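> PDB, C-alpha atoms, pLDDT in the B column, file entry_1.pdb:
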```pdb
ATOM      1  CA  ILE A 982       0.000   0.000   0.000  1.00 89.00           C
ATOM      2  CA  THR A 983       1.312   3.407  -0.946  1.00 90.00           C
ATOM      3  CA  MET A 984      -0.405   6.433   0.539  1.00 87.00           C
ATOM      4  CA  ILE A 985       0.061   9.853  -1.040  1.00 88.00           C
ATOM      5  CA  ASN A 986      -1.054  13.081   0.640  1.00 84.00           C
ATOM      6  CA  LYS A 987      -0.688  16.475  -1.024  1.00 84.00           C
ATOM      7  CA  GLY A 988       1.702  15.031  -3.602  1.00 88.00           C
ATOM      8  CA  GLU A 989       4.018  13.403  -1.048  1.00 87.00           C
ATOM      9  CA  ILE A 990       4.347   9.723  -0.228  1.00 88.00           C
ATOM     10  CA  VAL A 991       3.299   9.385   3.410  1.00 82.00           C
ATOM     11  CA  LEU A 992       3.958   5.653   3.612  1.00 83.00           C
ATOM     12  CA  SER A 993       4.648   2.680   1.395  1.00 90.00           C
ATOM     13  CA  MET A 994       4.631  -0.893   2.746  1.00 91.00           C
ATOM     14  CA  SER A 995       2.700  -4.122   2.537  1.00 91.00           C
ATOM     15  CA  LYS A 996      -0.711  -4.269   4.186  1.00 89.00           C
ATOM     16  CA  GLU A 997       0.567  -6.799   6.729  1.00 89.00           C
ATOM     17  CA  GLU A 998       3.497  -4.553   7.702  1.00 90.00           C
ATOM     18  CA  LEU A 999       1.180  -1.558   7.953  1.00 87.00           C
ATOM     19  CA  MET A1000      -1.300  -3.372  10.185  1.00 88.00           C
ATOM     20  CA  ASP A1001       1.526  -4.567  12.468  1.00 88.00           C
ATOM     21  CA  GLU A1002       3.189  -1.141  12.593  1.00 89.00           C
ATOM     22  CA  TYR A1003       0.366   0.760  14.309  1.00 90.00           C
ATOM     23  CA  ILE A1004      -1.864   0.315  17.342  1.00 90.00           C
ATOM     24  CA  LEU A1005      -5.103   2.078  18.296  1.00 91.00           C
ATOM     25  CA  VAL A1006      -5.027   3.294  21.906  1.00 89.00           C
ATOM     26  CA  LYS A1007      -8.132   4.196  23.931  1.00 90.00           C
ATOM     27  CA  GLY A1008      -8.420   5.319  27.525  1.00 90.00           C
ATOM     28  CA  ALA A1009      -9.845   7.674  30.109  1.00 90.00           C
ATOM     29  CA  LYS A1010      -9.058  11.336  29.616  1.00 87.00           C
ATOM     30  CA  GLY A1011      -7.012  11.472  32.827  1.00 86.00           C
ATOM     31  CA  LEU A1012      -4.500   8.978  31.399  1.00 85.00           C
ATOM     32  CA  LEU A1013      -3.565  11.203  28.461  1.00 85.00           C
ATOM     33  CA  ASN A1014      -0.411  13.147  29.309  1.00 83.00           C
ATOM     34  CA  ASP A1015       2.218  14.948  27.212  1.00 84.00           C
ATOM     35  CA  LYS A1016       4.513  11.918  27.002  1.00 80.00           C
ATOM     36  CA  LEU A1017       1.713   9.679  25.781  1.00 81.00           C
ATOM     37  CA  ARG A1018       0.492  12.319  23.341  1.00 83.00           C
ATOM     38  CA  LYS A1019       4.000  12.625  21.807  1.00 82.00           C
ATOM     39  CA  GLU A1020       4.001   8.893  21.020  1.00 81.00           C
ATOM     40  CA  MET A1021       0.852   9.216  18.928  1.00 86.00           C
ATOM     41  CA  VAL A1022       0.509   9.936  15.249  1.00 86.00           C
ATOM     42  CA  GLY A1023      -2.816  11.575  16.039  1.00 88.00           C
ATOM     43  CA  CYS A1024      -5.244  11.770  18.911  1.00 89.00           C
ATOM     44  CA  ARG A1025      -8.818  12.826  19.452  1.00 89.00           C
ATOM     45  CA  GLU A1026     -10.460  13.567  22.760  1.00 89.00           C
ATOM     46  CA  ASN A1027     -14.072  13.629  23.864  1.00 89.00           C
ATOM     47  CA  SER A1028     -15.855  13.970  27.187  1.00 90.00           C
ATOM     48  CA  LEU A1029     -15.343  10.288  28.024  1.00 88.00           C
ATOM     49  CA  GLY A1030     -11.706   9.838  27.074  1.00 92.00           C
ATOM     50  CA  PHE A1031      -9.363   9.691  24.117  1.00 92.00           C
ATOM     51  CA  GLU A1032      -8.481   7.587  21.114  1.00 92.00           C
ATOM     52  CA  GLY A1033      -5.209   7.763  19.237  1.00 91.00           C
ATOM     53  CA  LEU A1034      -2.961   5.976  16.802  1.00 91.00           C
ATOM     54  CA  ALA A1035       0.597   5.115  17.839  1.00 89.00           C
ATOM     55  CA  ARG A1036       3.459   3.159  16.360  1.00 85.00           C
ATOM     56  CA  ASN A1037       3.346  -0.274  17.943  1.00 78.00           C
ATOM     57  CA  ARG A1038       7.115  -0.626  18.396  1.00 67.00           C
ATOM     58  CA  ALA A1039       7.503   2.843  19.906  1.00 59.00           C
ATOM     59  CA  TRP A1040       4.840   2.258  22.525  1.00 62.00           C
ATOM     60  CA  PRO A1041       6.190   3.317  25.935  1.00 59.00           C
ATOM     61  CA  LYS A1042       6.607   0.241  28.127  1.00 62.00           C
ATOM     62  CA  GLU A1043       6.192   2.221  31.359  1.00 60.00           C
ATOM     63  CA  VAL A1044       2.563   3.051  30.520  1.00 63.00           C
ATOM     64  CA  ASN A1045       0.194   0.880  32.519  1.00 61.00           C
ATOM     65  CA  GLN A1046      -1.501  -0.948  29.678  1.00 63.00           C
ATOM     66  CA  ARG A1047      -4.120  -2.440  31.988  1.00 69.00           C
ATOM     67  CA  GLU A1048      -5.792   0.962  32.118  1.00 78.00           C
ATOM     68  CA  LEU A1049      -5.807   1.326  28.330  1.00 83.00           C
ATOM     69  CA  VAL A1050      -7.569  -0.480  25.517  1.00 85.00           C
ATOM     70  CA  LEU A1051      -5.125  -1.443  22.763  1.00 85.00           C
ATOM     71  CA  GLU A1052      -6.653  -2.548  19.470  1.00 89.00           C
ATOM     72  CA  ARG A1053      -5.532  -3.321  15.970  1.00 90.00           C
ATOM     73  CA  PRO A1054      -6.659  -0.389  13.808  1.00 92.00           C
ATOM     74  CA  SER A1055      -8.426  -0.738  10.494  1.00 93.00           C
ATOM     75  CA  LEU A1056      -6.708   0.419   7.328  1.00 91.00           C
ATOM     76  CA  GLU A1057      -9.154   3.331   7.175  1.00 90.00           C
ATOM     77  CA  GLU A1058      -8.304   4.427  10.733  1.00 91.00           C
ATOM     78  CA  ILE A1059      -4.579   4.373   9.964  1.00 90.00           C
ATOM     79  CA  MET A1060      -5.070   6.464   6.843  1.00 87.00           C
ATOM     80  CA  LEU A1061      -7.339   8.930   8.645  1.00 88.00           C
ATOM     81  CA  TYR A1062      -4.849   9.540  11.461  1.00 88.00           C
ATOM     82  CA  MET A1063      -1.908   9.743   9.032  1.00 83.00           C
ATOM     83  CA  VAL A1064      -3.585  12.424   6.922  1.00 81.00           C
ATOM     84  CA  ARG A1065      -5.323  14.443   9.607  1.00 76.00           C
ATOM     85  CA  GLY A1066      -3.066  13.946  12.618  1.00 66.00           C
ATOM     86  CA  GLU A1067      -4.685  15.722  15.557  1.00 52.00           C
ATOM     87  CA  LYS A1068      -7.006  17.871  13.476  1.00 52.00           C
ATOM     88  CA  ASN A1069     -10.589  16.731  12.879  1.00 46.00           C
ATOM     89  CA  VAL A1070      -9.961  13.018  13.268  1.00 47.00           C
TER      90      VAL A1070
END
```
Could you render the structure as structure tokens?

Amino acid sequence: ITMINKGEIVLSMSKEELMDEYILVKGAKGLLNDKLRKEMVGCRENSLGFEGLARNRAWPKEVNQRELVLERPSLEEIMLYMVRGEKNV
């Protein structure tokens, strides 16, 4: 899969590699701090919590993952976060 945004190649890899590269992170709003936010490609917040896309291998090990929901993102979710980042996800 090759993704182009505004004339630039954003990513180019096999679908399997792409799906293994990223992780969808969900949690309560109080768990979202600056360090966690920096690890994410994009993040959206609402009154109940947050949802963001992060690189799976760069995921901080010191974060208590029991308090978070970690899911495999869909291809559409990866593309949405890659293009929009933190804006209007």
> Centre and edge lengths of an axis-aligned box around all listed atoms of range 992-1007 of chain A, with 4 Å added on each side, are to be given in Å to one decimal, as AutoDock Vina command-line options.

```
--center_x -1.7 --center_y -0.6 --center_z 12.7 --size_x 20.8 --size_y 20.5 --size_z 30.5
```
> I need the residue set behind the PyMOL selection byres ((chain A and resi 982-999) around 8) for this file; please write it as a PyMOL selection string.
chain A and resi 1000-1003+1060+1063-1064
> Here is a test: counting only C-alpha atoms, which residue of A:Leu1051, A:Glu1057, A:Tyr1062, A:Ala1035 is nearest to Leu1017 in chain A?
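Among the listed residues, A:Ala1035 lies closest to Leu1017 in chain A.
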> Between CA of Ala1009 in chain A and CA of Gly1030 in chain A, what is the distance in Å, rounded to a tenth?
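These atoms are spaced 4.2 Å apart.
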> What is the distance, in Å and to one decimal place, between CA of Cys1024 in chain A and CA of Glu1048 in chain A?
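Between these atoms lies a distance of 17.1 Å.
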> How far is it from CA of Glu1026 in chain A to CA of Arg1053 in chain A, in Å with one decimal?
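Result for CA of Glu1026 in chain A versus CA of Arg1053 in chain A: 18.9 Å, one decimal.
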> Using only C-alpha atoms - which residues lie no farther than 8 Å from the point (-8.6, 13.5, 30.7) in the file's frame? Write them as a ChimeraX atom specification.
/A:1009-1013,1029-1031
> If we count only C-alpha atoms and set the cut-off at 9 Å, which residues sit around Met1021 in chain A, ignoring sequence neighbours fewer than 3 positions away in its own chain? Please answer as a list in words.
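In the requested format, the answer is Val1006, Leu1017, Arg1018, Cys1024, Gly1033, Leu1034, Ala1035, Arg1036, Trp1040 and Gly1066 of chain A.
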> Deliver the residues from the most recent selection as a file, using C-alpha atoms, as a tab-separated table (two decimals), keeping the file's coordinate frame.

```
chain	number	residue	atom	x	y	z
A	1006	VAL	CA	-5.03	3.29	21.91
A	1017	LEU	CA	1.71	9.68	25.78
A	1018	ARG	CA	0.49	12.32	23.34
A	1024	CYS	CA	-5.24	11.77	18.91
A	1033	GLY	CA	-5.21	7.76	19.24
A	1034	LEU	CA	-2.96	5.98	16.80
A	1035	ALA	CA	0.60	5.12	17.84
A	1036	ARG	CA	3.46	3.16	16.36
A	1040	TRP	CA	4.84	2.26	22.52
A	1066	GLY	CA	-3.07	13.95	12.62
```
